[in-house]
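Engineer: Here you go, this is work.cif (mmCIF, C-alpha atoms).
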data_input
loop_
_atom_site.label_atom_id
_atom_site.label_comp_id
_atom_site.auth_asym_id
_atom_site.auth_seq_id
_atom_site.Cartn_x
_atom_site.Cartn_y
_atom_site.Cartn_z
CA MET K 1 3.63 27.15 16.90
CA SER K 2 0.14 25.71 16.98
CA ASP K 3 -1.26 22.50 18.29
CA ALA K 4 -4.62 23.10 16.60
CA ARG K 5 -6.54 20.00 15.63
CA VAL K 6 -5.89 19.16 11.96
CA LYS K 7 -8.66 20.29 9.59
CA PHE K 8 -9.46 18.44 6.37
CA GLN K 9 -11.03 20.25 3.41
CA GLN K 10 -14.25 19.29 1.58
CA ARG K 11 -13.74 17.38 -1.68
CA GLN K 12 -15.30 19.62 -4.33
CA THR K 13 -13.65 19.13 -7.73
CA VAL K 14 -11.26 16.66 -9.37
CA GLU K 15 -8.84 19.50 -10.08
CA GLN K 16 -8.82 20.59 -6.43
CA VAL K 17 -8.17 17.02 -5.24
CA GLU K 18 -5.57 16.08 -7.88
CA GLU K 19 -3.77 19.32 -8.61
CA GLY K 20 -4.46 21.57 -5.63
CA ASN K 21 -2.90 22.21 -2.24
CA ASP K 22 -5.93 21.19 -0.16
CA LEU K 23 -5.64 18.15 2.09
CA ALA K 24 -9.00 16.56 1.28
CA PRO K 25 -8.63 12.85 2.04
CA LYS K 26 -11.23 10.30 0.92
CA PHE K 27 -12.29 7.93 3.68
CA ASP K 28 -14.16 4.85 2.43
CA ASP K 29 -17.57 3.61 3.56
CA ARG K 30 -15.91 2.20 6.69
CA GLY K 31 -14.38 5.62 7.42
CA LEU K 32 -10.89 4.36 6.55
CA ILE K 33 -8.04 5.37 4.24
CA THR K 34 -5.33 2.94 3.06
CA VAL K 35 -1.80 3.52 4.37
CA VAL K 36 1.48 2.25 2.90
CA THR K 37 4.48 2.38 5.24
CA THR K 38 8.06 2.14 4.02
CA ASP K 39 11.44 2.37 5.75
CA ALA K 40 12.70 5.91 5.12
CA ASP K 41 16.28 4.71 4.65
CA SER K 42 16.05 1.37 2.82
CA GLY K 43 12.79 2.06 0.96
CA GLU K 44 11.58 -1.39 2.03
CA LEU K 45 7.83 -1.85 2.39
CA LEU K 46 7.25 -2.47 6.09
CA MET K 47 3.47 -2.77 6.31
CA GLN K 48 0.14 -1.77 4.84
CA GLY K 49 -2.56 -0.56 7.21
CA TYR K 50 -5.51 1.78 7.60
CA MET K 51 -6.26 5.09 9.31
CA ASN K 52 -9.52 6.67 10.30
CA ALA K 53 -9.74 10.48 10.42
CA GLU K 54 -8.56 10.62 14.03
CA ALA K 55 -5.52 8.41 13.32
CA LEU K 56 -4.54 10.63 10.38
CA ARG K 57 -4.93 13.78 12.50
CA LEU K 58 -2.81 12.33 15.31
CA THR K 59 -0.14 11.14 12.88
CA ILE K 60 0.16 14.62 11.37
CA GLN K 61 0.16 16.39 14.73
CA THR K 62 2.51 14.07 16.63
CA GLY K 63 4.79 12.94 13.78
CA GLU K 64 4.35 9.32 14.93
CA ALA K 65 2.29 6.73 13.03
CA HIS K 66 -1.21 6.04 14.31
CA TYR K 67 -3.46 3.49 12.61
CA TRP K 68 -6.94 2.06 12.96
CA SER K 69 -6.76 -1.63 13.85
CA ARG K 70 -9.50 -3.43 11.94
CA SER K 71 -9.01 -6.69 13.86
CA ARG K 72 -9.10 -5.02 17.28
CA GLN K 73 -11.36 -2.09 16.27
CA VAL K 74 -9.27 0.45 18.16
CA LEU K 75 -7.11 3.47 17.45
CA TRP K 76 -3.58 2.13 17.45
CA HIS K 77 -0.45 4.12 18.28
CA LYS K 78 2.06 1.82 16.56
CA GLY K 79 4.72 0.76 19.03
CA ALA K 80 2.67 1.44 22.17
CA THR K 81 2.90 -2.27 23.07
CA SER K 82 6.05 -3.37 21.24
CA GLY K 83 8.12 -0.21 21.62
CA PHE K 84 8.64 -0.13 17.84
CA VAL K 85 7.35 3.43 17.34
CA GLN K 86 7.36 4.69 13.73
CA ARG K 87 8.62 8.27 13.46
CA ILE K 88 7.42 10.02 10.30
CA ARG K 89 10.11 11.37 8.02
CA GLU K 90 7.66 12.11 5.22
CA LEU K 91 3.91 11.73 4.77
CA LEU K 92 2.61 11.82 1.20
CA VAL K 93 -0.85 11.61 -0.32
CA ASP K 94 -1.75 10.19 -3.72
CA ASP K 95 -3.45 11.84 -6.70
CA ASP K 96 -7.06 11.20 -5.67
CA GLN K 97 -6.20 11.36 -1.96
CA ASP K 98 -7.46 7.92 -1.00
CA CYS K 99 -4.03 6.59 0.03
CA ILE K 100 -1.33 7.77 2.44
CA TRP K 101 2.38 6.93 2.09
CA LEU K 102 4.43 7.08 5.30
CA LYS K 103 8.23 7.06 5.15
CA VAL K 104 9.26 6.15 8.68
CA GLU K 105 12.17 5.49 10.99
CA VAL K 106 11.47 2.56 13.33
CA GLU K 107 13.04 2.37 16.76
CA GLY K 108 14.27 -1.18 17.10
CA GLY K 109 13.77 -1.87 13.45
CA ALA K 110 10.72 -4.16 13.41
CA SER K 111 7.23 -3.59 12.06
CA CYS K 112 5.77 -7.10 11.73
CA HIS K 113 3.89 -8.85 14.55
CA VAL K 114 5.33 -12.21 13.44
CA GLY K 115 8.81 -10.97 14.41
CA TYR K 116 10.33 -10.04 11.05
CA ARG K 117 11.55 -6.56 10.16
CA SER K 118 9.00 -6.24 7.37
CA CYS K 119 5.62 -7.96 6.96
CA PHE K 120 6.80 -8.96 3.46
CA TYR K 121 9.21 -11.86 3.90
CA ARG K 122 7.94 -14.26 1.22
CA ARG K 123 7.77 -13.88 -2.53
CA VAL K 124 5.67 -15.55 -5.23
CA PRO K 125 7.42 -16.77 -8.42
CA THR K 126 5.99 -15.03 -11.51
CA GLY K 127 6.20 -15.30 -15.31
CA SER K 128 8.79 -17.79 -16.56
CA GLU K 129 9.87 -18.72 -13.01
CA TYR K 130 6.25 -19.60 -12.23
CA ALA K 131 6.00 -21.67 -15.42
CA GLN K 132 9.19 -23.56 -14.56
CA LYS K 133 8.31 -24.27 -10.95
CA THR K 134 4.67 -25.28 -11.20
CA ALA K 135 3.17 -28.43 -12.63
CA ASP K 136 -0.51 -28.00 -11.85
CA GLY K 137 -0.80 -24.31 -10.95
CA ARG K 138 0.21 -24.72 -7.32
CA VAL K 139 2.73 -22.05 -6.25
CA ASP K 140 5.10 -22.38 -3.31
CA LEU K 141 6.17 -19.21 -1.55
CA VAL K 142 9.92 -18.47 -1.49
CA TRP K 143 11.33 -16.96 1.72
CA THR K 144 13.29 -13.72 1.37
CA ASP K 145 13.97 -13.19 5.11
CA ASN K 146 14.51 -16.01 7.59
CA GLU K 147 15.71 -13.98 10.53
CA LYS K 148 13.30 -12.75 13.16
CA VAL K 149 14.47 -9.59 14.94
CA PHE K 150 12.34 -10.24 18.01
CA ASP K 151 10.37 -13.04 19.64
CA PRO K 152 6.64 -12.26 19.44
CA GLU K 153 5.95 -14.17 22.66
CA ASP K 154 8.36 -11.97 24.58
CA VAL K 155 6.82 -8.80 23.18
CA TYR K 156 3.10 -9.56 22.96
CA GLY K 157 2.76 -12.35 25.55
CA ASP K 158 -0.60 -14.04 25.17
CA ALA K 159 -2.35 -11.15 23.38
CA PRO K 160 -4.51 -12.53 20.56
CA ASN K 161 -2.89 -12.84 17.13
CA PRO K 162 -4.36 -10.17 14.80
CA THR K 163 -4.40 -12.43 11.72
CA ILE K 164 -7.93 -13.31 10.64
CA LEU K 165 -8.44 -16.42 8.52
CA MET C 1 7.19 -25.41 -18.38
CA SER C 2 3.55 -25.14 -17.49
CA ASP C 3 0.93 -22.54 -18.25
CA ALA C 4 -1.51 -24.06 -15.78
CA ARG C 5 -3.96 -21.67 -14.20
CA VAL C 6 -2.65 -20.52 -10.81
CA LYS C 7 -4.21 -22.34 -7.84
CA PHE C 8 -4.65 -20.71 -4.44
CA GLN C 9 -4.76 -22.79 -1.26
CA GLN C 10 -7.50 -22.79 1.38
CA ARG C 11 -6.75 -20.69 4.48
CA GLN C 12 -6.79 -23.18 7.35
CA THR C 13 -4.53 -22.07 10.22
CA VAL C 14 -2.69 -18.92 11.28
CA GLU C 15 0.59 -20.84 11.21
CA GLN C 16 -0.02 -22.02 7.64
CA VAL C 17 -0.83 -18.49 6.48
CA GLU C 18 1.95 -16.66 8.36
CA GLU C 19 4.78 -19.17 8.46
CA GLY C 20 4.06 -21.64 5.67
CA ASN C 21 4.78 -21.91 1.96
CA ASP C 22 1.15 -21.96 0.80
CA LEU C 23 -0.12 -19.10 -1.31
CA ALA C 24 -3.46 -18.56 0.43
CA PRO C 25 -4.46 -14.95 -0.23
CA LYS C 26 -7.32 -13.30 1.63
CA PHE C 27 -9.76 -11.47 -0.63
CA ASP C 28 -12.09 -9.08 1.20
CA ASP C 29 -15.89 -9.01 1.04
CA ARG C 30 -15.63 -7.26 -2.35
CA GLY C 31 -13.37 -10.07 -3.58
CA LEU C 32 -10.34 -7.77 -3.63
CA ILE C 33 -6.81 -7.75 -2.20
CA THR C 34 -4.77 -4.58 -1.66
CA VAL C 35 -1.72 -4.08 -3.88
CA VAL C 36 1.28 -1.80 -3.27
CA THR C 37 3.44 -1.10 -6.33
CA THR C 38 6.98 0.27 -6.09
CA ASP C 39 9.67 1.04 -8.65
CA ALA C 40 12.09 -1.92 -8.54
CA ASP C 41 15.11 0.36 -8.98
CA SER C 42 14.36 3.52 -7.00
CA GLY C 43 12.08 1.94 -4.39
CA GLU C 44 9.63 4.80 -4.95
CA LEU C 45 5.96 4.07 -4.27
CA LEU C 46 4.27 4.32 -7.66
CA MET C 47 0.66 3.45 -6.89
CA GLN C 48 -1.69 1.53 -4.63
CA GLY C 49 -4.41 -0.56 -6.24
CA TYR C 50 -6.49 -3.70 -5.94
CA MET C 51 -6.62 -7.14 -7.54
CA ASN C 52 -9.37 -9.70 -7.69
CA ALA C 53 -8.43 -13.39 -7.91
CA GLU C 54 -8.25 -13.30 -11.71
CA ALA C 55 -5.97 -10.24 -11.74
CA LEU C 56 -3.61 -11.93 -9.27
CA ARG C 57 -3.56 -15.13 -11.34
CA LEU C 58 -2.82 -13.21 -14.54
CA THR C 59 -0.09 -11.16 -12.85
CA ILE C 60 1.64 -14.32 -11.64
CA GLN C 61 1.29 -16.13 -14.96
CA THR C 62 2.24 -13.29 -17.30
CA GLY C 63 4.73 -11.40 -15.10
CA GLU C 64 2.91 -8.14 -15.93
CA ALA C 65 0.73 -6.24 -13.45
CA HIS C 66 -3.02 -6.70 -13.72
CA TYR C 67 -5.42 -4.91 -11.38
CA TRP C 68 -9.14 -4.63 -10.74
CA SER C 69 -10.33 -1.11 -11.48
CA ARG C 70 -12.88 -0.17 -8.84
CA SER C 71 -13.96 2.99 -10.67
CA ARG C 72 -14.43 1.23 -14.01
CA GLN C 73 -15.32 -2.20 -12.57
CA VAL C 74 -13.13 -4.06 -15.06
CA LEU C 75 -10.04 -6.23 -15.09
CA TRP C 76 -7.23 -3.85 -15.96
CA HIS C 77 -3.97 -4.80 -17.66
CA LYS C 78 -1.95 -1.79 -16.56
CA GLY C 79 -0.48 -0.06 -19.61
CA ALA C 80 -2.98 -1.47 -22.11
CA THR C 81 -4.13 2.09 -22.88
CA SER C 82 -1.13 4.19 -21.91
CA GLY C 83 1.64 1.79 -22.95
CA PHE C 84 3.15 2.03 -19.45
CA VAL C 85 3.19 -1.73 -18.80
CA GLN C 86 4.55 -2.76 -15.38
CA ARG C 87 6.88 -5.77 -15.60
CA ILE C 88 7.15 -7.66 -12.31
CA ARG C 89 10.64 -8.02 -10.89
CA GLU C 90 9.37 -9.38 -7.57
CA LEU C 91 5.93 -10.13 -6.13
CA LEU C 92 5.71 -10.48 -2.35
CA VAL C 93 2.88 -11.29 0.03
CA ASP C 94 2.53 -10.08 3.62
CA ASP C 95 2.26 -12.05 6.86
CA ASP C 96 -1.51 -12.59 6.85
CA GLN C 97 -1.63 -12.63 3.03
CA ASP C 98 -4.11 -9.78 2.59
CA CYS C 99 -1.65 -7.51 0.76
CA ILE C 100 0.55 -7.89 -2.33
CA TRP C 101 3.76 -5.93 -2.95
CA LEU C 102 4.84 -5.58 -6.59
CA LYS C 103 8.34 -4.39 -7.43
CA VAL C 104 8.06 -3.35 -11.08
CA GLU C 105 9.90 -1.92 -14.04
CA VAL C 106 7.76 0.55 -15.96
CA GLU C 107 8.22 1.07 -19.67
CA GLY C 108 8.17 4.82 -20.17
CA GLY C 109 8.47 5.48 -16.48
CA ALA C 110 4.97 6.68 -15.57
CA SER C 111 2.32 5.12 -13.36
CA CYS C 112 -0.01 8.01 -12.52
CA HIS C 113 -3.01 8.98 -14.65
CA VAL C 114 -2.44 12.67 -13.84
CA GLY C 115 0.88 12.49 -15.73
CA TYR C 116 3.43 12.23 -12.94
CA ARG C 117 5.85 9.35 -12.55
CA SER C 118 4.35 8.38 -9.20
CA CYS C 119 0.84 9.00 -7.84
CA PHE C 120 2.52 10.46 -4.74
CA TYR C 121 3.72 13.94 -5.70
CA ARG C 122 2.54 15.95 -2.69
CA ARG C 123 3.48 15.70 0.97
CA VAL C 124 1.77 16.75 4.19
CA PRO C 125 3.83 18.58 6.85
CA THR C 126 3.87 16.63 10.15
CA GLY C 127 4.97 17.11 13.76
CA SER C 128 6.93 20.32 14.39
CA GLU C 129 6.68 21.38 10.72
CA TYR C 130 2.90 21.08 10.95
CA ALA C 131 2.88 23.12 14.18
CA GLN C 132 4.99 25.85 12.59
CA LYS C 133 3.02 26.09 9.36
CA THR C 134 -0.56 25.95 10.59
CA ALA C 135 -2.51 28.54 12.51
CA ASP C 136 -5.95 26.97 12.71
CA GLY C 137 -5.33 23.32 11.77
CA ARG C 138 -5.49 23.86 8.03
CA VAL C 139 -2.65 22.07 6.22
CA ASP C 140 -1.35 23.00 2.78
CA LEU C 141 0.13 20.21 0.68
CA VAL C 142 3.76 20.67 -0.42
CA TRP C 143 4.68 19.54 -3.95
CA THR C 144 7.56 17.07 -4.25
CA ASP C 145 7.36 16.61 -8.04
CA ASN C 146 6.33 19.34 -10.46
CA GLU C 147 7.29 17.66 -13.69
CA LYS C 148 4.75 15.64 -15.65
CA VAL C 149 6.32 12.92 -17.79
CA PHE C 150 3.37 12.75 -20.16
CA ASP C 151 0.26 14.72 -21.10
CA PRO C 152 -2.85 12.85 -19.94
CA GLU C 153 -4.92 14.30 -22.78
CA ASP C 154 -2.54 12.85 -25.38
CA VAL C 155 -2.60 9.44 -23.72
CA TYR C 156 -6.16 9.04 -22.50
CA GLY C 157 -8.00 11.47 -24.78
CA ASP C 158 -11.51 12.04 -23.48
CA ALA C 159 -11.72 8.82 -21.41
CA PRO C 160 -13.40 9.60 -18.08
CA ASN C 161 -11.11 10.55 -15.19
CA PRO C 162 -11.02 7.66 -12.68
CA THR C 163 -10.94 9.93 -9.61
CA ILE C 164 -14.17 9.73 -7.59
CA LEU C 165 -15.02 12.62 -5.30
#
Can the structure from this file be put into C-alpha cells for me?
Structural biologist:
Amino acid sequence: MSDARVKFQQRQTVEQVEEGNDLAPKFDDRGLITVVTTDADSGELLMQGYMNAEALRLTIQTGEAHYWSRSRQVLWHKGATSGFVQRIRELLVDDDQDCIWLKVEVEGGASCHVGYRSCFYRRVPTGSEYAQKTADGRVDLVWTDNEKVFDPEDVYGDAPNPTIL
Amino acid sequence: MSDARVKFQQRQTVEQVEEGNDLAPKFDDRGLITVVTTDADSGELLMQGYMNAEALRLTIQTGEAHYWSRSRQVLWHKGATSGFVQRIRELLVDDDQDCIWLKVEVEGGASCHVGYRSCFYRRVPTGSEYAQKTADGRVDLVWTDNEKVFDPEDVYGDAPNPTIL
C-alpha cells in the first residue's frame, strides 16, 4: 500500500497519449481539465465540472470527487458543505486525455445546487419537435424533473449562488 | 411547422436561468459551450466536445449533432467525414445553462477518432486500488475496451490527427 502523491507523465507523442498506458492529462491554459460526472447505477449525467492537477490527484488518491470551483476559485471536495459526497466507482480518461469521466455513487442522491438530483432537469425540443413548437425561433425548455430532493436554503443557507450570469 | 432560426434569450436573472423556461445559454469567452454526449440506449459517455452558437442552433434545428472543432477551428457536422452521424434523442441543458447534454443514436456505433466506440476506453485506478498498484505515485491506465469498431486510416485517410499535445 502506498499513499504516494500521484505522478502525471509528460505528454510526448500522440501514440503515447492515445494508445499508451501513461496517465498524461492535458490541463488547459487555466490549468483545468473538463470533468463529466455520471451516476454509476443509473448512468444519468449528474454534473459537468473542472479539476486542476491537485483536484485530480486528490480524487485518485482518496476515491472521492474533488473539483476546482471556477466561481469560488477554490479546491472543492464535493459534499463537504452539503454532505453529498461522490464516491468514485470508476474514473476514465478520454483518447487525448483532456477529459475525465467519473462514475460515482452519491450519498443522499443529489448533485445539483438548485436541489435536483441532476443538474440536467430541462430539455430543449429538437428537429421536428422544434419545428412544430416554435413560430419565430423561440424555444421553451421542457421540464424532465420537477421534484427537488433537498431545499437549497436548508443546506447552503445564505452562501452565494455559484451561477454567474 | 417552422424552420425559423433558433433564438436564444438574454440572461437576466439567476432565477430565470435556473428555474425558468428560457433557453439562455452561456457561451464562454471563446464563444463556446461545453457538450457531453452519451449513447441514448446504453448511457455510455461517447465524447465531450464544444459548440458555438451556430452549432447549437443547427443541432436544435436539424436534430443531428453539430460541434465546433477547436483543433480545426471549423463548424463540424459530426459524421460528415466518417458517416457516424449522431441523431439527437434528447438535448438537455444544465442549471446555469453553460453545459449541453446530448443523448444520441449513432449510425455505425462509433464516436471516437481512434476507432473505439467511445472516447473513454481506459480507466485510472483510484482509492485503495491506486494505493495497492502504485509504488511511487505513477499510475498505469487500465484498458476497458480493446476492440476497435473501425480502422481510422480507412475512414480518415491522411487527414491530420486532431489530438494536440
Engineer: Please list as a PyMOL selection string every residue within 10 Å of Phe120 (chain K), counting all atoms listed in the file and excluding residues in the same chain fewer than 3 positions away.
Structural biologist: (chain K and resi 44-48+112+116-117+123+143-145) or (chain C and resi 91-97+99-101)
Engineer: Could you tell me which residues the PyMOL selection byres ((chain C) within 7 of (chain K)) returns for this structure, as a ChimeraX atom specification?
Structural biologist: /C:1-8,11,14,21-23,43,60-63,90-96,119-124,126-127,130-132,134-141,163,165
Engineer: Would you mind exporting the chosen residues as a CSV table (one decimal), in the coordinates of the input, restricted to C-alpha atoms?
Structural biologist:
chain,number,residue,atom,x,y,z
C,1,MET,CA,7.2,-25.4,-18.4
C,2,SER,CA,3.6,-25.1,-17.5
C,3,ASP,CA,0.9,-22.5,-18.2
C,4,ALA,CA,-1.5,-24.1,-15.8
C,5,ARG,CA,-4.0,-21.7,-14.2
C,6,VAL,CA,-2.6,-20.5,-10.8
C,7,LYS,CA,-4.2,-22.3,-7.8
C,8,PHE,CA,-4.6,-20.7,-4.4
C,11,ARG,CA,-6.8,-20.7,4.5
C,14,VAL,CA,-2.7,-18.9,11.3
C,21,ASN,CA,4.8,-21.9,2.0
C,22,ASP,CA,1.2,-22.0,0.8
C,23,LEU,CA,-0.1,-19.1,-1.3
C,43,GLY,CA,12.1,1.9,-4.4
C,60,ILE,CA,1.6,-14.3,-11.6
C,61,GLN,CA,1.3,-16.1,-15.0
C,62,THR,CA,2.2,-13.3,-17.3
C,63,GLY,CA,4.7,-11.4,-15.1
C,90,GLU,CA,9.4,-9.4,-7.6
C,91,LEU,CA,5.9,-10.1,-6.1
C,92,LEU,CA,5.7,-10.5,-2.4
C,93,VAL,CA,2.9,-11.3,0.0
C,94,ASP,CA,2.5,-10.1,3.6
C,95,ASP,CA,2.3,-12.0,6.9
C,96,ASP,CA,-1.5,-12.6,6.8
C,119,CYS,CA,0.8,9.0,-7.8
C,120,PHE,CA,2.5,10.5,-4.7
C,121,TYR,CA,3.7,13.9,-5.7
C,122,ARG,CA,2.5,16.0,-2.7
C,123,ARG,CA,3.5,15.7,1.0
C,124,VAL,CA,1.8,16.8,4.2
C,126,THR,CA,3.9,16.6,10.2
C,127,GLY,CA,5.0,17.1,13.8
C,130,TYR,CA,2.9,21.1,11.0
C,131,ALA,CA,2.9,23.1,14.2
C,132,GLN,CA,5.0,25.8,12.6
C,134,THR,CA,-0.6,26.0,10.6
C,135,ALA,CA,-2.5,28.5,12.5
C,136,ASP,CA,-6.0,27.0,12.7
C,137,GLY,CA,-5.3,23.3,11.8
C,138,ARG,CA,-5.5,23.9,8.0
C,139,VAL,CA,-2.6,22.1,6.2
C,140,ASP,CA,-1.4,23.0,2.8
C,141,LEU,CA,0.1,20.2,0.7
C,163,THR,CA,-10.9,9.9,-9.6
C,165,LEU,CA,-15.0,12.6,-5.3
Engineer: Pick from K:Glu107, K:Gln86, K:Gly79, K:Leu32: nearest to Val155 (chain K), with all atoms listed in the file counted?
Structural biologist: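 Closest residue, counting all atoms listed in the file: K:Gly79.
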Engineer: What does the distance between CA of Ser71 (chain K) and CA of Glu54 (chain C) come to in Å, to one decimal place?
Structural biologist: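 CA of Ser71 (chain K) sits 26.4 Å away from CA of Glu54 (chain C).
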Engineer: At what distance in Å, to one decimal, does CA of Gly109 (chain K) lie from CA of Gly157 (chain K)?
Structural biologist: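 Going from CA of Gly157 (chain K) over to CA of Gly109 (chain K) covers 19.4 Å.
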Engineer: Please measure the separation of CA of Gly115 (chain K) and CA of Ala80 (chain K), giving the value in Å to one decimal.
Structural biologist: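 Computed distance, CA of Gly115 (chain K) to CA of Ala80 (chain K), equals 15.9 Å.
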Engineer: Expanded to explicit residues, what is the PyMOL selection byres ((chain K and resi 84) around 6) for this file, as a CSV table (one decimal) with C-alpha atoms, keeping the file's coordinate frame?
Structural biologist:
chain,number,residue,atom,x,y,z
K,79,GLY,CA,4.7,0.8,19.0
K,82,SER,CA,6.0,-3.4,21.2
K,83,GLY,CA,8.1,-0.2,21.6
K,85,VAL,CA,7.4,3.4,17.3
K,106,VAL,CA,11.5,2.6,13.3
K,107,GLU,CA,13.0,2.4,16.8
K,108,GLY,CA,14.3,-1.2,17.1
Engineer: Step by step, work through what the PyMOL selection byres ((chain K and resi 75) around 10) selects in the shown file, and finish by giving those residues as a PyMOL selection string.
Structural biologist: chain K and resi 51-52+54-55+66-70+72-74+76-78
Engineer: Go through C:Pro152, C:Ser111, C:Asp158, C:Glu105 and flag the residue nearest Asp39 (chain C), using only C-alpha atoms for the distances.
Structural biologist: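 With only C-alpha atoms as the atom set, the closest residue is C:Glu105.
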Engineer: Could you work out an axis-aligned box for region 70-85 of chain K, taking every atom the file lists and adding 5 Å on each side, and report centre and edge lengths in Å to one decimal, as JSON?
Structural biologist:
{"center_x": -1.4, "center_y": -1.3, "center_z": 17.5, "size_x": 30.0, "size_y": 20.8, "size_z": 21.1}
